[in-house]
Amino acid sequence: MALLRDRSEEFRAAGVQPYAISRDSPYTHAAWMQALDLHFPLLSDWNGEATHGFGVAFDHNGLRDVARRTVFLLDADGVVRGAWEYETSGVPDFDALLEAARALTGVAGSL
């Protein structure tokens, strides 16, 4: 999340509003927002509706319905235009994500 925090202005400049979502509770998210100084919405999928709706649930270390580390790019109408899945310990390629965001929104930019 710190990487998204550090690059969130680049996504906004590309015409994309970044969000993060996890299965943690809203109370845990309040602590993360403060500890990491996040300036984008951190949404709670406490009940797992998004995890199941996006088809990213899996069992991990004995826990059921954990969300796979995934990035989704949605257009202004909420239609998924891109999806990238990463290993649990993987880090998203923010340059590739920015390129996809700029292609979607038509905002020029250079990496």
# chains A, B, ... in the order shown; residues from 1 in each chain; ligands from 1
>>> select_by_dssp(residues="segment 23-79 of chain A", states="helix (DSSP H, G or I)", output="PyMOL selection string")
chain A and resi 26-36+49-53
>>> write_last_selection(atoms="C-alpha atoms", output="mmCIF file, in the first residue's frame")
data_model
loop_
_atom_site.group_PDB
_atom_site.id
_atom_site.type_symbol
_atom_site.label_atom_id
_atom_site.label_comp_id
_atom_site.auth_asym_id
_atom_site.auth_seq_id
_atom_site.Cartn_x
_atom_site.Cartn_y
_atom_site.Cartn_z
ATOM 1 C CA PRO A 26 -13.109 -1.021 8.785
ATOM 2 C CA TYR A 27 -11.510 -0.587 12.223
ATOM 3 C CA THR A 28 -8.274 -2.196 11.036
ATOM 4 C CA HIS A 29 -8.370 0.028 7.964
ATOM 5 C CA ALA A 30 -8.575 3.145 10.124
ATOM 6 C CA ALA A 31 -5.337 2.087 11.794
ATOM 7 C CA TRP A 32 -3.667 1.301 8.435
ATOM 8 C CA MET A 33 -4.775 4.647 6.988
ATOM 9 C CA GLN A 34 -3.166 6.457 9.872
ATOM 10 C CA ALA A 35 -0.025 4.316 10.140
ATOM 11 C CA LEU A 36 0.734 4.456 6.407
ATOM 12 C CA GLU A 49 -18.934 -9.756 -1.497
ATOM 13 C CA ALA A 50 -16.265 -8.080 -3.652
ATOM 14 C CA THR A 51 -13.834 -10.970 -3.208
ATOM 15 C CA HIS A 52 -16.435 -13.412 -4.504
ATOM 16 C CA GLY A 53 -17.942 -10.984 -7.019
#
>>> select_by_dssp(residues="segment 17-111 of chain A", states="strand (DSSP E or B)", output="ChimeraX atom specification")
/A:20-22,42-44,57-60,63-67,70-74,80-85
>>> write_last_selection(atoms="N, CA, C and O atoms", output="short mmCIF file (atom, residue, chain, number, x, y, z; two decimals), in the first residue's frame")
data_model
loop_
_atom_site.label_atom_id
_atom_site.label_comp_id
_atom_site.auth_asym_id
_atom_site.auth_seq_id
_atom_site.Cartn_x
_atom_site.Cartn_y
_atom_site.Cartn_z
N ALA A 20 -8.02 1.04 -2.53
CA ALA A 20 -7.53 -0.26 -2.07
C ALA A 20 -8.68 -0.93 -1.34
O ALA A 20 -9.52 -0.25 -0.74
N ILE A 21 -8.71 -2.24 -1.40
CA ILE A 21 -9.77 -2.98 -0.72
C ILE A 21 -9.17 -4.26 -0.16
O ILE A 21 -8.29 -4.86 -0.78
N SER A 22 -9.61 -4.63 1.03
CA SER A 22 -9.16 -5.89 1.62
C SER A 22 -10.28 -6.46 2.48
O SER A 22 -11.28 -5.80 2.74
N LEU A 42 -9.50 3.36 1.40
CA LEU A 42 -9.18 1.98 1.74
C LEU A 42 -10.51 1.34 2.15
O LEU A 42 -11.05 1.66 3.21
N LEU A 43 -11.03 0.50 1.29
CA LEU A 43 -12.36 -0.07 1.47
C LEU A 43 -12.30 -1.44 2.12
O LEU A 43 -11.39 -2.22 1.84
N SER A 44 -13.29 -1.73 2.95
CA SER A 44 -13.36 -3.02 3.62
C SER A 44 -14.34 -3.94 2.92
O SER A 44 -15.49 -3.58 2.68
N ALA A 57 -11.38 -15.17 -4.66
CA ALA A 57 -11.29 -15.88 -3.37
C ALA A 57 -10.46 -17.14 -3.51
O ALA A 57 -10.53 -17.84 -4.52
N PHE A 58 -9.65 -17.42 -2.49
CA PHE A 58 -8.91 -18.67 -2.43
C PHE A 58 -8.59 -18.99 -0.98
O PHE A 58 -8.78 -18.15 -0.09
N ASP A 59 -8.14 -20.21 -0.72
CA ASP A 59 -7.74 -20.62 0.63
C ASP A 59 -6.24 -20.40 0.77
O ASP A 59 -5.47 -20.78 -0.11
N HIS A 60 -5.84 -19.77 1.87
CA HIS A 60 -4.43 -19.43 2.07
C HIS A 60 -4.06 -19.62 3.53
O HIS A 60 -4.68 -19.04 4.41
N LEU A 63 -6.79 -20.26 5.95
CA LEU A 63 -7.90 -19.30 5.96
C LEU A 63 -8.69 -19.45 4.66
O LEU A 63 -8.10 -19.58 3.59
N ARG A 64 -10.00 -19.41 4.79
CA ARG A 64 -10.87 -19.53 3.62
C ARG A 64 -11.24 -18.16 3.10
O ARG A 64 -11.34 -17.20 3.84
N ASP A 65 -11.49 -18.09 1.82
CA ASP A 65 -12.01 -16.88 1.17
C ASP A 65 -11.12 -15.66 1.33
O ASP A 65 -11.58 -14.54 1.49
N VAL A 66 -9.81 -15.89 1.27
CA VAL A 66 -8.86 -14.79 1.25
C VAL A 66 -8.87 -14.23 -0.17
O VAL A 66 -9.02 -14.98 -1.14
N ALA A 67 -8.71 -12.93 -0.32
CA ALA A 67 -8.68 -12.32 -1.65
C ALA A 67 -7.28 -12.42 -2.24
O ALA A 67 -6.30 -12.09 -1.59
N THR A 70 -4.81 -8.68 -6.36
CA THR A 70 -5.25 -8.38 -7.72
C THR A 70 -5.47 -6.88 -7.87
O THR A 70 -5.91 -6.22 -6.94
N VAL A 71 -5.17 -6.37 -9.05
CA VAL A 71 -5.45 -4.98 -9.39
C VAL A 71 -6.47 -5.00 -10.52
O VAL A 71 -6.32 -5.74 -11.49
N PHE A 72 -7.51 -4.18 -10.36
CA PHE A 72 -8.53 -4.04 -11.40
C PHE A 72 -8.54 -2.60 -11.88
O PHE A 72 -8.42 -1.67 -11.09
N LEU A 73 -8.71 -2.42 -13.18
CA LEU A 73 -8.86 -1.10 -13.78
C LEU A 73 -10.28 -1.01 -14.30
O LEU A 73 -10.67 -1.80 -15.18
N LEU A 74 -11.04 -0.09 -13.75
CA LEU A 74 -12.43 0.08 -14.14
C LEU A 74 -12.58 1.40 -14.88
O LEU A 74 -11.93 2.39 -14.54
N VAL A 80 -15.00 -3.42 -15.72
CA VAL A 80 -13.60 -3.84 -15.59
C VAL A 80 -12.97 -3.87 -16.97
O VAL A 80 -13.42 -4.58 -17.86
N ARG A 81 -11.89 -3.10 -17.13
CA ARG A 81 -11.19 -3.01 -18.41
C ARG A 81 -9.82 -3.68 -18.37
O ARG A 81 -9.18 -3.84 -19.40
N GLY A 82 -9.38 -4.07 -17.18
CA GLY A 82 -8.12 -4.77 -17.04
C GLY A 82 -8.02 -5.39 -15.67
O GLY A 82 -8.61 -4.88 -14.71
N ALA A 83 -7.30 -6.50 -15.58
CA ALA A 83 -7.09 -7.16 -14.29
C ALA A 83 -5.69 -7.79 -14.29
O ALA A 83 -5.28 -8.38 -15.28
N TRP A 84 -5.00 -7.61 -13.18
CA TRP A 84 -3.66 -8.14 -13.01
C TRP A 84 -3.60 -8.86 -11.68
O TRP A 84 -3.94 -8.29 -10.65
N GLU A 85 -3.18 -10.13 -11.69
CA GLU A 85 -3.08 -10.91 -10.47
C GLU A 85 -1.61 -11.13 -10.13
O GLU A 85 -0.79 -11.35 -11.02
#
>>> closest_residue(among="A:Val79, A:Pro41, A:Asn47, A:Leu3", to="Asp93 of chain A", atoms="only C-alpha atoms")
A:Leu3
>>> residues_around(residues="Ala101 of chain A", least_positions_apart="2", cutoff="10 Å", atoms="only C-alpha atoms", output="list in words")
Phe11, Arg12, Ala13, Ala14, Gly15, Val16, Gln17, Leu73, Leu74, Asp75, Arg81, Gly82, Asp95, Ala96, Leu97, Leu98, Glu99, Ala103, Leu104, Thr105, Gly106 and Val107 of chain A
>>> write_last_selection(atoms="all heavy atoms", output="short mmCIF file (atom, residue, chain, number, x, y, z; two decimals), in the first residue's frame")
data_model
loop_
_atom_site.label_atom_id
_atom_site.label_comp_id
_atom_site.auth_asym_id
_atom_site.auth_seq_id
_atom_site.Cartn_x
_atom_site.Cartn_y
_atom_site.Cartn_z
N PHE A 11 -1.48 8.31 -10.72
CA PHE A 11 -2.73 7.71 -11.20
C PHE A 11 -3.81 8.77 -11.34
O PHE A 11 -4.54 8.78 -12.33
CB PHE A 11 -3.19 6.57 -10.27
CG PHE A 11 -2.41 5.31 -10.48
CD1 PHE A 11 -1.30 5.03 -9.70
CD2 PHE A 11 -2.77 4.42 -11.47
CE1 PHE A 11 -0.57 3.87 -9.90
CE2 PHE A 11 -2.05 3.26 -11.68
CZ PHE A 11 -0.94 2.99 -10.90
N ARG A 12 -3.89 9.67 -10.39
CA ARG A 12 -4.87 10.76 -10.49
C ARG A 12 -4.59 11.62 -11.72
O ARG A 12 -5.52 12.02 -12.42
CB ARG A 12 -4.88 11.58 -9.21
CG ARG A 12 -5.53 10.86 -8.06
CD ARG A 12 -5.68 11.77 -6.83
NE ARG A 12 -6.09 11.00 -5.70
CZ ARG A 12 -5.27 10.56 -4.74
NH1 ARG A 12 -3.99 10.86 -4.76
NH2 ARG A 12 -5.74 9.85 -3.74
N ALA A 13 -3.32 11.91 -11.97
CA ALA A 13 -2.94 12.69 -13.16
C ALA A 13 -3.32 11.95 -14.44
O ALA A 13 -3.58 12.58 -15.47
CB ALA A 13 -1.45 13.01 -13.13
N ALA A 14 -3.35 10.63 -14.39
CA ALA A 14 -3.74 9.81 -15.54
C ALA A 14 -5.26 9.69 -15.64
O ALA A 14 -5.77 9.01 -16.52
CB ALA A 14 -3.11 8.43 -15.44
N GLY A 15 -5.98 10.33 -14.73
CA GLY A 15 -7.43 10.30 -14.77
C GLY A 15 -8.05 9.12 -14.05
O GLY A 15 -9.20 8.76 -14.29
N VAL A 16 -7.29 8.50 -13.14
CA VAL A 16 -7.76 7.32 -12.42
C VAL A 16 -7.72 7.58 -10.92
O VAL A 16 -6.72 8.06 -10.40
CB VAL A 16 -6.87 6.09 -12.76
CG1 VAL A 16 -7.23 4.90 -11.90
CG2 VAL A 16 -6.99 5.74 -14.23
N GLN A 17 -8.81 7.27 -10.23
CA GLN A 17 -8.86 7.39 -8.78
C GLN A 17 -8.46 6.05 -8.17
O GLN A 17 -9.16 5.06 -8.36
CB GLN A 17 -10.26 7.76 -8.30
CG GLN A 17 -10.46 7.67 -6.80
CD GLN A 17 -9.55 8.58 -6.00
OE1 GLN A 17 -9.46 9.75 -6.26
NE2 GLN A 17 -8.85 8.02 -5.03
N LEU A 73 -8.71 -2.42 -13.18
CA LEU A 73 -8.86 -1.10 -13.78
C LEU A 73 -10.28 -1.01 -14.30
O LEU A 73 -10.67 -1.80 -15.18
CB LEU A 73 -7.84 -0.91 -14.91
CG LEU A 73 -7.86 0.43 -15.63
CD1 LEU A 73 -7.55 1.57 -14.65
CD2 LEU A 73 -6.85 0.42 -16.78
N LEU A 74 -11.04 -0.09 -13.75
CA LEU A 74 -12.43 0.08 -14.14
C LEU A 74 -12.58 1.40 -14.88
O LEU A 74 -11.93 2.39 -14.54
CB LEU A 74 -13.34 0.11 -12.90
CG LEU A 74 -13.64 -1.22 -12.22
CD1 LEU A 74 -12.43 -1.81 -11.57
CD2 LEU A 74 -14.76 -1.06 -11.23
N ASP A 75 -13.49 1.40 -15.86
CA ASP A 75 -13.75 2.65 -16.57
C ASP A 75 -14.75 3.49 -15.78
O ASP A 75 -15.17 3.11 -14.68
CB ASP A 75 -14.21 2.38 -18.00
CG ASP A 75 -15.58 1.72 -18.12
OD1 ASP A 75 -16.34 1.69 -17.13
OD2 ASP A 75 -15.89 1.23 -19.22
N ARG A 81 -11.89 -3.10 -17.13
CA ARG A 81 -11.19 -3.01 -18.41
C ARG A 81 -9.82 -3.68 -18.37
O ARG A 81 -9.18 -3.84 -19.40
CB ARG A 81 -11.02 -1.55 -18.82
CG ARG A 81 -12.32 -0.83 -19.05
CD ARG A 81 -13.07 -1.47 -20.19
NE ARG A 81 -14.33 -0.78 -20.42
CZ ARG A 81 -15.20 -1.12 -21.33
NH1 ARG A 81 -14.96 -2.16 -22.10
NH2 ARG A 81 -16.30 -0.45 -21.48
N GLY A 82 -9.38 -4.07 -17.18
CA GLY A 82 -8.12 -4.77 -17.04
C GLY A 82 -8.02 -5.39 -15.67
O GLY A 82 -8.61 -4.88 -14.71
N ASP A 95 4.35 0.80 -13.23
CA ASP A 95 4.57 1.41 -14.54
C ASP A 95 3.59 0.84 -15.57
O ASP A 95 2.99 1.59 -16.34
CB ASP A 95 6.01 1.21 -15.00
CG ASP A 95 7.00 2.01 -14.18
OD1 ASP A 95 6.61 3.04 -13.59
OD2 ASP A 95 8.18 1.60 -14.12
N ALA A 96 3.41 -0.48 -15.56
CA ALA A 96 2.46 -1.12 -16.48
C ALA A 96 1.03 -0.70 -16.17
O ALA A 96 0.23 -0.46 -17.08
CB ALA A 96 2.60 -2.64 -16.42
N LEU A 97 0.71 -0.58 -14.89
CA LEU A 97 -0.64 -0.16 -14.51
C LEU A 97 -0.91 1.28 -14.94
O LEU A 97 -1.99 1.60 -15.43
CB LEU A 97 -0.83 -0.31 -13.00
CG LEU A 97 -0.74 -1.73 -12.46
CD1 LEU A 97 -0.78 -1.73 -10.94
CD2 LEU A 97 -1.84 -2.60 -13.03
N LEU A 98 0.08 2.16 -14.78
CA LEU A 98 -0.08 3.54 -15.22
C LEU A 98 -0.25 3.62 -16.74
O LEU A 98 -1.07 4.39 -17.24
CB LEU A 98 1.12 4.38 -14.79
CG LEU A 98 1.02 4.98 -13.40
CD1 LEU A 98 2.38 5.52 -12.96
CD2 LEU A 98 -0.03 6.07 -13.35
N GLU A 99 0.50 2.82 -17.46
CA GLU A 99 0.37 2.78 -18.92
C GLU A 99 -1.04 2.36 -19.32
O GLU A 99 -1.65 2.96 -20.20
CB GLU A 99 1.41 1.82 -19.50
CG GLU A 99 1.44 1.78 -21.00
CD GLU A 99 2.51 0.84 -21.52
OE1 GLU A 99 3.59 0.76 -20.91
OE2 GLU A 99 2.25 0.17 -22.54
N ALA A 103 -3.87 4.64 -21.20
CA ALA A 103 -4.50 4.15 -22.44
C ALA A 103 -6.02 4.17 -22.31
O ALA A 103 -6.71 4.53 -23.26
CB ALA A 103 -4.01 2.74 -22.75
N LEU A 104 -6.53 3.84 -21.14
CA LEU A 104 -7.98 3.82 -20.92
C LEU A 104 -8.56 5.23 -20.95
O LEU A 104 -9.59 5.47 -21.55
CB LEU A 104 -8.31 3.14 -19.59
CG LEU A 104 -9.79 3.12 -19.21
CD1 LEU A 104 -10.59 2.27 -20.17
CD2 LEU A 104 -9.96 2.62 -17.78
N THR A 105 -7.87 6.15 -20.28
CA THR A 105 -8.41 7.50 -20.14
C THR A 105 -8.01 8.44 -21.27
O THR A 105 -8.56 9.53 -21.38
CB THR A 105 -7.99 8.12 -18.80
OG1 THR A 105 -6.56 8.23 -18.77
CG2 THR A 105 -8.48 7.29 -17.63
N GLY A 106 -7.00 8.03 -22.06
CA GLY A 106 -6.53 8.87 -23.14
C GLY A 106 -5.63 10.01 -22.68
O GLY A 106 -5.38 10.95 -23.42
N VAL A 107 -5.14 9.92 -21.43
CA VAL A 107 -4.25 10.95 -20.89
C VAL A 107 -2.82 10.59 -21.29
O VAL A 107 -2.35 9.48 -21.02
CB VAL A 107 -4.37 11.04 -19.36
CG1 VAL A 107 -3.33 11.99 -18.79
CG2 VAL A 107 -5.77 11.48 -18.98
#
>>> atom_distance(atom1="atom CA of Val56 of chain A", atom2="atom CA of Arg23 of chain A")
11.6 Å
>>> atom_distance(atom1="atom CA of Pro18 of chain A", atom2="atom CA of Leu4 of chain A")
7.9 Å
>>> closest_residue(among="A:Ser8, A:Ser89, A:Asn61, A:Ser25", to="Phe40 of chain A", atoms="only C-alpha atoms")
A:Ser8
